[in-house]
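For reference, work_14.tsv (TSV, C-alpha atoms):
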```
chain	number	residue	atom	x	y	z
O	1	MET	CA	23.43	-30.70	-17.03
O	2	ALA	CA	21.21	-29.45	-19.79
O	3	ALA	CA	21.89	-32.54	-21.87
O	4	THR	CA	20.92	-34.88	-19.05
O	5	PHE	CA	17.77	-32.91	-18.48
O	6	ALA	CA	16.89	-33.10	-22.17
O	7	SER	CA	17.45	-36.85	-22.23
O	8	ARG	CA	15.22	-37.26	-19.19
O	9	CYS	CA	12.58	-35.20	-20.94
O	10	SER	CA	12.74	-37.34	-24.04
O	11	ARG	CA	12.41	-40.49	-21.95
O	12	VAL	CA	9.31	-39.14	-20.26
O	13	GLY	CA	7.97	-38.05	-23.62
O	14	ARG	CA	8.43	-41.46	-25.16
O	15	CYS	CA	6.22	-43.09	-22.61
O	16	VAL	CA	3.63	-40.38	-23.14
O	17	ILE	CA	3.28	-40.59	-26.90
O	18	GLY	CA	4.83	-43.90	-27.87
O	19	GLY	CA	7.65	-43.91	-30.36
O	20	LEU	CA	6.63	-40.66	-31.93
O	21	SER	CA	9.66	-38.82	-30.61
O	22	ASN	CA	12.04	-41.29	-32.28
O	23	CYS	CA	11.00	-40.15	-35.74
O	24	SER	CA	11.66	-36.46	-35.28
O	25	PRO	CA	13.46	-35.75	-32.00
O	26	SER	CA	14.40	-32.18	-32.83
O	27	LEU	CA	10.81	-31.20	-33.44
O	28	PHE	CA	9.41	-32.67	-30.26
O	29	THR	CA	12.03	-31.97	-27.60
O	30	SER	CA	10.96	-28.38	-27.08
O	31	SER	CA	7.37	-29.34	-26.36
O	32	HIS	CA	8.53	-32.08	-24.01
O	33	GLU	CA	10.61	-29.67	-22.05
O	34	MET	CA	7.63	-27.41	-21.63
O	35	ILE	CA	5.44	-30.25	-20.37
O	36	CYS	CA	8.13	-31.38	-17.94
O	37	ASN	CA	8.65	-27.88	-16.58
O	38	ASN	CA	4.96	-27.62	-15.88
O	39	LEU	CA	4.99	-30.96	-14.11
O	40	PHE	CA	7.86	-29.83	-11.92
O	41	SER	CA	6.43	-26.42	-11.11
O	42	GLN	CA	2.95	-27.63	-10.22
O	43	GLN	CA	3.72	-29.39	-7.00
O	44	GLN	CA	0.81	-31.08	-5.31
O	45	ARG	CA	0.01	-29.01	-2.24
O	46	THR	CA	-1.19	-30.88	0.80
O	47	PHE	CA	-1.98	-30.64	4.51
O	48	ILE	CA	0.37	-29.30	7.14
O	49	GLN	CA	1.44	-32.49	8.84
O	50	MET	CA	4.23	-33.82	11.00
O	51	ARG	CA	7.67	-32.54	9.83
O	52	THR	CA	6.23	-29.71	7.72
O	53	VAL	CA	8.53	-26.71	8.10
O	54	LEU	CA	6.69	-23.39	8.33
O	55	LYS	CA	7.80	-19.80	8.27
O	56	VAL	CA	7.08	-17.73	11.37
O	57	VAL	CA	5.56	-14.36	10.43
O	58	ASP	CA	5.65	-12.49	13.72
O	59	ASN	CA	8.33	-10.92	15.91
O	60	SER	CA	8.38	-13.64	18.54
O	61	GLY	CA	11.98	-14.47	17.68
O	62	ALA	CA	11.52	-17.79	15.90
O	63	LYS	CA	12.25	-17.96	12.17
O	64	LYS	CA	11.28	-21.49	11.22
O	65	VAL	CA	9.27	-24.10	13.05
O	66	MET	CA	8.57	-27.72	12.26
O	67	CYS	CA	5.08	-29.08	12.81
O	68	ILE	CA	5.06	-31.99	15.26
O	69	GLN	CA	1.32	-32.31	15.80
O	70	ALA	CA	-1.86	-30.95	14.25
O	71	LEU	CA	-4.44	-30.36	16.96
O	72	LYS	CA	-7.41	-30.95	14.66
O	73	GLY	CA	-8.06	-33.10	11.66
O	74	ARG	CA	-7.01	-36.63	10.87
O	75	LYS	CA	-4.85	-35.82	7.89
O	76	GLY	CA	-3.27	-32.66	9.22
O	77	ALA	CA	-3.78	-28.96	9.72
O	78	ARG	CA	-5.18	-26.51	7.19
O	79	LEU	CA	-5.51	-22.77	6.97
O	80	GLY	CA	-6.59	-21.38	10.35
O	81	ASP	CA	-5.91	-24.53	12.35
O	82	THR	CA	-3.65	-24.70	15.40
O	83	ILE	CA	-0.55	-26.86	15.46
O	84	ILE	CA	2.16	-27.80	17.91
O	85	ALA	CA	5.62	-27.14	16.53
O	86	SER	CA	9.24	-27.19	17.54
O	87	VAL	CA	11.43	-24.17	16.82
O	88	LYS	CA	14.13	-25.03	14.32
O	89	GLU	CA	15.62	-21.60	13.67
O	90	ALA	CA	15.45	-18.56	15.90
O	91	HIS	CA	16.88	-15.08	16.21
O	92	PRO	CA	19.63	-14.88	18.85
O	93	ASN	CA	17.78	-12.70	21.35
O	94	GLY	CA	14.09	-13.31	20.86
O	95	LYS	CA	11.37	-14.44	23.22
O	96	VAL	CA	11.37	-17.93	21.73
O	97	LYS	CA	14.51	-20.05	21.71
O	98	LYS	CA	15.56	-22.81	19.35
O	99	GLY	CA	14.37	-26.27	20.35
O	100	LYS	CA	11.33	-25.06	22.30
O	101	VAL	CA	7.92	-26.62	21.70
O	102	VAL	CA	5.35	-23.94	20.81
O	103	TYR	CA	1.75	-23.59	19.67
O	104	GLY	CA	1.00	-21.82	16.41
O	105	VAL	CA	-1.89	-20.78	14.19
O	106	VAL	CA	-1.53	-21.45	10.46
O	107	VAL	CA	-2.20	-18.06	8.89
O	108	ARG	CA	-1.09	-18.91	5.35
O	109	ALA	CA	-1.24	-22.27	3.59
O	110	ALA	CA	-0.33	-23.16	0.03
O	111	MET	CA	-3.10	-25.74	-0.02
O	112	GLN	CA	-6.43	-24.23	-0.98
O	113	ARG	CA	-9.17	-23.96	1.58
O	114	GLY	CA	-12.88	-23.56	0.89
O	115	ARG	CA	-14.53	-20.34	1.94
O	116	CYS	CA	-17.96	-19.97	3.44
O	117	ASP	CA	-19.47	-19.02	0.05
O	118	GLY	CA	-17.99	-22.04	-1.75
O	119	SER	CA	-15.05	-20.38	-3.45
O	120	GLU	CA	-11.49	-21.24	-2.50
O	121	VAL	CA	-8.45	-19.37	-1.26
O	122	LYS	CA	-4.77	-20.26	-1.31
O	123	PHE	CA	-1.53	-18.54	-0.44
O	124	ASP	CA	2.07	-18.43	-1.56
O	125	ASP	CA	3.66	-20.28	1.36
O	126	ASN	CA	3.02	-22.01	4.67
O	127	ALA	CA	3.27	-19.53	7.51
O	128	VAL	CA	2.44	-19.62	11.19
O	129	VAL	CA	1.94	-17.15	14.03
O	130	LEU	CA	3.11	-18.40	17.40
O	131	VAL	CA	0.55	-18.31	20.22
O	132	ASP	CA	0.46	-19.49	23.80
O	133	LYS	CA	-1.84	-22.20	25.08
O	134	GLN	CA	-4.67	-19.73	25.58
O	135	GLY	CA	-4.45	-18.59	21.97
O	136	GLN	CA	-2.88	-15.18	22.61
O	137	PRO	CA	-0.07	-14.31	20.16
O	138	ILE	CA	3.45	-14.30	21.62
O	139	GLY	CA	4.73	-11.58	19.28
O	140	THR	CA	3.38	-8.08	18.87
O	141	ARG	CA	3.37	-7.82	15.08
O	142	VAL	CA	2.12	-9.98	12.21
O	143	PHE	CA	3.63	-9.70	8.74
O	144	GLY	CA	1.93	-10.31	5.41
O	145	PRO	CA	-1.68	-11.11	4.54
O	146	VAL	CA	-3.89	-13.28	6.76
O	147	PRO	CA	-7.31	-14.73	5.92
O	148	HIS	CA	-10.46	-13.31	7.49
O	149	GLU	CA	-11.47	-16.85	8.51
O	150	LEU	CA	-9.33	-16.38	11.63
O	151	ARG	CA	-12.24	-14.41	13.09
O	152	GLN	CA	-14.38	-17.55	13.14
O	153	LYS	CA	-11.53	-19.38	14.85
O	154	LYS	CA	-11.49	-16.71	17.62
O	155	HIS	CA	-8.09	-15.31	16.69
O	156	VAL	CA	-9.22	-11.70	16.50
O	157	LYS	CA	-5.98	-10.50	18.07
O	158	ILE	CA	-3.96	-11.80	15.08
O	159	LEU	CA	-6.39	-10.11	12.70
O	160	THR	CA	-5.98	-6.76	14.42
O	161	LEU	CA	-2.19	-7.05	14.33
O	162	ALA	CA	-2.12	-8.01	10.65
O	163	GLY	CA	-1.59	-5.37	7.99
O	164	HIS	CA	-3.51	-7.03	5.17
O	165	ILE	CA	-6.60	-9.16	5.44
O	166	ALA	CA	-7.44	-11.33	2.43
E	1	MET	CA	-22.52	-9.17	-2.69
E	2	ARG	CA	-19.79	-8.21	-5.10
E	3	LEU	CA	-19.22	-9.51	-8.60
E	4	GLU	CA	-15.49	-9.70	-9.19
E	5	LYS	CA	-13.61	-9.91	-12.46
E	6	CYS	CA	-11.33	-12.81	-13.31
E	7	TRP	CA	-7.69	-11.75	-13.33
E	8	PHE	CA	-6.94	-13.81	-16.42
E	9	CYS	CA	-9.98	-13.65	-18.70
E	10	SER	CA	-11.85	-10.67	-17.17
E	11	SER	CA	-15.11	-12.56	-16.98
E	12	THR	CA	-17.46	-12.00	-14.06
E	13	ILE	CA	-17.00	-14.18	-11.00
E	14	TYR	CA	-20.23	-14.80	-9.17
E	15	PRO	CA	-20.14	-15.58	-5.42
E	16	GLY	CA	-19.01	-19.10	-4.65
E	17	HIS	CA	-17.20	-19.61	-7.92
E	18	GLY	CA	-13.53	-19.98	-8.68
E	19	ILE	CA	-10.41	-19.74	-6.57
E	20	GLN	CA	-8.39	-16.85	-5.30
E	21	PHE	CA	-4.66	-16.80	-4.82
E	22	VAL	CA	-3.13	-14.36	-2.34
E	23	ARG	CA	0.49	-13.49	-3.05
E	24	ASN	CA	2.83	-12.66	-0.17
E	25	ASP	CA	2.60	-8.96	-0.96
E	26	ALA	CA	-1.18	-9.26	-0.35
E	27	LYS	CA	-2.16	-8.88	-4.01
E	28	ILE	CA	-5.21	-10.99	-4.69
E	29	PHE	CA	-5.57	-12.89	-7.97
E	30	ARG	CA	-9.09	-14.14	-8.58
E	31	PHE	CA	-9.84	-16.78	-11.16
E	32	CYS	CA	-13.24	-17.70	-12.54
E	33	ARG	CA	-12.41	-21.36	-13.21
E	34	SER	CA	-9.55	-23.83	-13.15
E	35	LYS	CA	-8.76	-23.07	-16.78
E	36	CYS	CA	-7.74	-19.53	-15.90
E	37	HIS	CA	-5.96	-20.67	-12.74
E	38	LYS	CA	-3.92	-23.22	-14.68
E	39	ASN	CA	-2.98	-20.65	-17.29
E	40	PHE	CA	-1.83	-18.36	-14.51
E	41	LYS	CA	0.27	-21.13	-12.99
E	42	MET	CA	1.83	-21.69	-16.40
E	43	LYS	CA	2.84	-18.01	-16.23
E	44	ARG	CA	1.00	-17.13	-19.40
E	45	ASN	CA	0.41	-13.51	-20.21
E	46	PRO	CA	-3.33	-12.85	-20.68
E	47	ARG	CA	-2.47	-10.24	-23.32
E	48	LYS	CA	-0.94	-12.98	-25.46
E	49	VAL	CA	-3.64	-15.61	-25.02
E	50	LYS	CA	-6.21	-15.20	-27.73
E	51	TRP	CA	-9.41	-16.06	-25.88
E	52	THR	CA	-9.00	-13.50	-23.09
E	53	LYS	CA	-10.62	-10.11	-22.93
E	54	ALA	CA	-7.20	-8.50	-22.49
E	55	TYR	CA	-5.99	-9.86	-25.83
E	56	ARG	CA	-9.12	-8.70	-27.61
E	57	ARG	CA	-8.77	-5.25	-26.11
E	58	VAL	CA	-5.10	-4.93	-27.00
E	59	HIS	CA	-5.64	-6.05	-30.58
E	60	GLY	CA	-8.63	-3.83	-31.26
E	61	LYS	CA	-11.09	-6.70	-31.55
E	62	ASP	CA	-13.52	-5.31	-28.99
E	63	MET	CA	-14.89	-1.91	-28.21
E	64	THR	CA	-12.69	-0.45	-25.46
E	65	GLN	CA	-13.80	3.09	-24.75
E	66	ASP	CA	-17.49	3.59	-24.35
E	67	SER	CA	-19.75	5.45	-21.99
E	68	THR	CA	-21.75	2.26	-21.35
E	69	PHE	CA	-18.75	0.75	-19.56
E	70	GLU	CA	-18.73	3.61	-17.08
E	71	PHE	CA	-21.77	2.23	-15.27
E	72	GLU	CA	-20.02	-1.01	-14.46
E	73	ARG	CA	-17.30	0.19	-12.14
E	74	LYS	CA	-15.76	-0.83	-8.86
E	75	ARG	CA	-17.11	1.37	-6.08
E	76	ASN	CA	-15.65	1.11	-2.62
E	77	ARG	CA	-18.47	2.97	-0.92
E	78	PRO	CA	-21.83	1.22	-0.78
E	79	GLU	CA	-24.69	3.20	-2.24
E	80	ARG	CA	-27.30	4.26	0.29
E	81	TYR	CA	-30.61	2.59	-0.49
E	82	ASP	CA	-33.09	4.85	-2.20
E	83	ARG	CA	-36.32	3.40	-3.52
E	84	ASN	CA	-36.61	5.76	-6.48
E	85	LEU	CA	-32.99	5.31	-7.44
E	86	ALA	CA	-33.27	1.53	-7.35
E	87	GLU	CA	-36.37	1.69	-9.52
E	88	ASN	CA	-34.65	3.92	-12.06
E	89	VAL	CA	-31.58	1.71	-12.15
E	90	LEU	CA	-33.69	-1.37	-12.79
E	91	LYS	CA	-35.39	0.47	-15.63
E	92	ALA	CA	-32.10	1.68	-17.07
E	93	ILE	CA	-30.28	-1.67	-17.10
E	94	PRO	CA	-32.04	-3.17	-20.15
E	95	LYS	CA	-31.77	0.13	-21.99
E	96	ILE	CA	-28.04	0.35	-21.39
E	97	ASN	CA	-27.58	-3.25	-22.43
E	98	LYS	CA	-29.42	-2.58	-25.67
E	99	ILE	CA	-27.32	0.48	-26.46
E	100	ARG	CA	-24.13	-1.38	-25.71
E	101	SER	CA	-25.00	-4.34	-27.90
E	102	ALA	CA	-25.92	-1.99	-30.76
E	103	ARG	CA	-22.63	-0.15	-30.42
E	104	GLU	CA	-20.71	-3.37	-30.27
E	105	GLU	CA	-22.39	-4.54	-33.44
E	106	ARG	CA	-21.49	-1.29	-35.14
E	107	HIS	CA	-17.89	-1.64	-33.99
E	108	HIS	CA	-17.74	-5.16	-35.38
E	109	LYS	CA	-19.24	-4.01	-38.66
E	110	ASN	CA	-16.68	-1.23	-38.94
E	111	ARG	CA	-13.89	-3.66	-38.19
E	112	MET	CA	-15.05	-6.06	-40.89
E	113	LYS	CA	-15.56	-3.35	-43.49
E	114	GLY	CA	-12.92	-4.19	-46.08
E	115	LYS	CA	-13.06	-7.92	-45.41
E	116	LYS	CA	-14.99	-9.03	-48.50
E	117	GLU	CA	-12.91	-7.03	-50.98
E	118	LYS	CA	-9.74	-8.26	-49.33
E	119	LEU	CA	-10.82	-11.87	-49.56
E	120	GLN	CA	-11.78	-11.45	-53.20
E	121	LYS	CA	-8.46	-9.79	-54.00
E	122	GLU	CA	-6.56	-12.60	-52.35
E	123	ALA	CA	-8.56	-15.20	-54.23
E	124	MET	CA	-7.92	-13.44	-57.54
E	125	LYS	CA	-4.21	-13.32	-56.85
E	126	GLU	CA	-4.07	-16.97	-55.94
E	127	LEU	CA	-5.98	-17.91	-59.05
E	128	GLU	CA	-3.62	-15.94	-61.23
E	129	GLN	CA	-0.55	-17.49	-59.67
E	130	GLY	CA	-1.79	-21.03	-59.59
E	131	ILE	CA	-3.67	-21.20	-62.89
E	132	SER	CA	-0.97	-23.45	-64.36
E	133	LEU	CA	-1.96	-26.15	-61.89
E	134	VAL	CA	-5.61	-26.26	-62.87
E	135	LYS	CA	-5.88	-25.90	-66.64
E	136	ALA	CA	-9.15	-26.95	-68.09
E	137	PRO	CA	-9.20	-30.17	-70.17
E	138	SER	CA	-10.10	-28.28	-73.33
E	139	VAL	CA	-6.92	-26.24	-72.99
E	140	LEU	CA	-4.92	-29.43	-72.66
E	141	GLN	CA	-6.37	-30.72	-75.92
E	142	GLU	CA	-5.51	-27.50	-77.73
E	143	ASP	CA	-1.93	-27.55	-76.57
E	144	PRO	CA	-0.23	-30.46	-78.44
E	145	SER	CA	2.83	-30.52	-76.21
E	146	LEU	CA	0.83	-31.63	-73.19
E	147	THR	CA	-0.90	-34.65	-74.74
E	148	LEU	CA	0.53	-37.85	-76.11
E	149	PRO	CA	0.88	-37.95	-79.93
E	150	LYS	CA	-1.88	-39.91	-81.61
E	151	ILE	CA	-0.89	-43.10	-83.37
E	152	LYS	CA	-2.96	-44.18	-86.27
E	153	VAL	CA	-3.57	-47.87	-86.44
E	154	LYS	CA	-4.81	-49.52	-89.60
E	155	VAL	CA	-7.85	-51.59	-89.01
E	156	SER	CA	-7.64	-54.56	-91.26
E	157	GLN	CA	-8.14	-58.35	-91.47
E	158	LYS	CA	-4.91	-58.87	-89.58
E	159	GLN	CA	-6.62	-58.13	-86.28
E	160	SER	CA	-9.11	-60.93	-86.67
E	161	GLU	CA	-6.36	-63.33	-87.60
E	162	GLU	CA	-4.50	-62.40	-84.47
E	163	ASN	CA	-7.58	-63.10	-82.41
E	164	HIS	CA	-7.83	-66.53	-83.89
E	165	ALA	CA	-4.26	-67.16	-83.03
E	166	MET	CA	-4.88	-66.19	-79.45
E	167	GLU	CA	-7.78	-68.55	-79.20
E	168	GLU	CA	-5.67	-71.39	-80.42
```
Would you mind writing the file out in structure tokens?
Amino acid sequence: MAATFASRCSRVGRCVIGGLSNCSPSLFTSSHEMICNNLFSQQQRTFIQMRTVLKVVDNSGAKKVMCIQALKGRKGARLGDTIIASVKEAHPNGKVKKGKVVYGVVVRAAMQRGRCDGSEVKFDDNAVVLVDKQGQPIGTRVFGPVPHELRQKKHVKILTLAGHIA
Amino acid sequence: MRLEKCWFCSSTIYPGHGIQFVRNDAKIFRFCRSKCHKNFKMKRNPRKVKWTKAYRRVHGKDMTQDSTFEFERKRNRPERYDRNLAENVLKAIPKINKIRSAREERHHKNRMKGKKEKLQKEAMKELEQGISLVKAPSVLQEDPSLTLPKIKVKVSQKQSEENHAMEE
């Protein structure tokens, strides 16, 4: 496993800096591995689009939902936007059952979003809070941090339920 | 308006600059520029990266404990506006800056105290050890073992004859 990984690294490295690695493979492999690791860890974060699976961070009963439609934006939804999703995993006796189509507000997104002052904010994961069609949350609790931009989107109820506001 | 400090390099972040990353446990990491953000993503420790303030503090490069740093502190309660107070603060800021820069200079001077002697000592040592590599030409002439032995050649008519032969 490790050997195959190293060989892949050296192949990548060769195309980066020509035949340099052929002269002294032992000296360069370590640096190649480092570069490769960075490439793997820094995944390009993008919009929440069709088939994006999001974590549900409320007590509505759903665990994971898959986005089937972003209600705003051509490319997809971002932090604070509303999506339509289908429930993929759910707790056995919750309000929301598996396979149901629900509305949700994206409260955490790994893709950065500009703030009103020009700086940017990003989160660890993609998370959603399930709401009904009127925008009222289905659950009664919200876990983890949520951005204060939800106030502009008229989701004050989610903000009051949340423990941390970033 | 609040001026934050960069998590990685401890520089001031002015409004509208940089990016902030919110971890799932609601800890906020603010970065002044993409350089610091990238270093964070590479999981580098700011105490081990030489250009950060944290490194300089840990390794005694910068002044760490000083009363001038006490003024610049995070306060969670906004100060109630007072005209006289604001005036005094504005007057005090350049004074404090001056004192701090003077103290920093003194700290730097103290830190660099034995530098010149140390450098000279090192140079002397190197010279002593490596003198064999750079002997002066006069020394080479004095020492017969280092130069080629001189061959005495008789200058006579023969040479001219040889020249003639070459010409032919």
- Task: Calculate how many Å separate atom CA of Arg57 of chain E from atom CA of Tyr14 of chain E, rounding to one decimal.
- Result: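 Between atom CA of Arg57 of chain E and atom CA of Tyr14 of chain E the gap works out to 22.6 Å.
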- Atomic distance atom CA of Ala77 of chain O - atom CA of Leu161 of chain O, expressed in Å with one decimal: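 Between atom CA of Ala77 of chain O and atom CA of Leu161 of chain O the gap is 22.4 Å.
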- Compare E:Arg103, E:His17, E:Lys5, E:His37 by their minimum atom-to-atom distance to chain O, counting all atoms listed in the file, and give me the closest one. E:His17
Where does chain O meet chain E within 10 Å, residue by residue, with the nearest atom pair and distance in Å to one decimal for each, counting only C-alpha atoms, listed by chain and rising number, as a Markdown table?
```
| residue | atom | partner | partner_atom | distance |
| --- | --- | --- | --- | --- |
| O:Met34 | CA | E:Met42 | CA | 9.7 |
| O:Asn37 | CA | E:Met42 | CA | 9.2 |
| O:Asn38 | CA | E:Met42 | CA | 6.7 |
| O:Ser41 | CA | E:Lys41 | CA | 8.3 |
| O:Gln42 | CA | E:Lys41 | CA | 7.6 |
| O:Arg108 | CA | E:Val22 | CA | 9.2 |
| O:Ala110 | CA | E:Phe21 | CA | 9.1 |
| O:Gln112 | CA | E:Ile19 | CA | 8.2 |
| O:Arg113 | CA | E:Ile19 | CA | 9.3 |
| O:Gly114 | CA | E:Ile19 | CA | 8.7 |
| O:Arg115 | CA | E:Gly16 | CA | 8.1 |
| O:Cys116 | CA | E:Gly16 | CA | 8.2 |
| O:Asp117 | CA | E:Gly16 | CA | 4.7 |
| O:Gly118 | CA | E:Gly16 | CA | 4.3 |
| O:Ser119 | CA | E:Gly16 | CA | 4.3 |
| O:Glu120 | CA | E:Ile19 | CA | 4.5 |
| O:Val121 | CA | E:Gln20 | CA | 4.8 |
| O:Lys122 | CA | E:Phe21 | CA | 4.9 |
| O:Phe123 | CA | E:Val22 | CA | 4.9 |
| O:Asp124 | CA | E:Arg23 | CA | 5.4 |
| O:Asp125 | CA | E:Asn24 | CA | 7.8 |
| O:Phe143 | CA | E:Asn24 | CA | 9.4 |
| O:Gly144 | CA | E:Asn24 | CA | 6.1 |
| O:Pro145 | CA | E:Ala26 | CA | 5.3 |
| O:Val146 | CA | E:Ala26 | CA | 8.6 |
| O:Pro147 | CA | E:Val22 | CA | 9.3 |
| O:Gly163 | CA | E:Ala26 | CA | 9.2 |
| O:His164 | CA | E:Ala26 | CA | 6.4 |
| O:Ile165 | CA | E:Ala26 | CA | 7.9 |
| O:Ala166 | CA | E:Val22 | CA | 7.1 |
```
- Message: If I take atom CA of Glu79 of chain E and atom CA of Ala162 of chain O, how far is one from the other in Å, to one decimal?
- Response: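 Interatomic distance, atom CA of Glu79 of chain E to atom CA of Ala162 of chain O: 28.3 Å.
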- Item | Test item: which residues lie within 6 Å of (5.5, -17.5, 10.5) counting all atoms listed in the file, as a PyMOL selection string | chain O and resi 55-58+127-129
- Task: With only C-alpha atoms counted, which protein, DNA or RNA residues have an atom no more than 12 Å from (-4.9, -17.2, 13.1) in the file frame? Please answer as a count of residues only.
- Result: 43
Given 4 Å of margin on each side, can you work out the centre and size in Å (one decimal) of an axis-aligned box holding every listed atom of segment 104-118 of chain O, as lines of an AutoDock Vina configuration file?
```
center_x = -9.2
center_y = -21.9
center_z = 7.3
size_x = 28.5
size_y = 15.7
size_z = 26.2
```
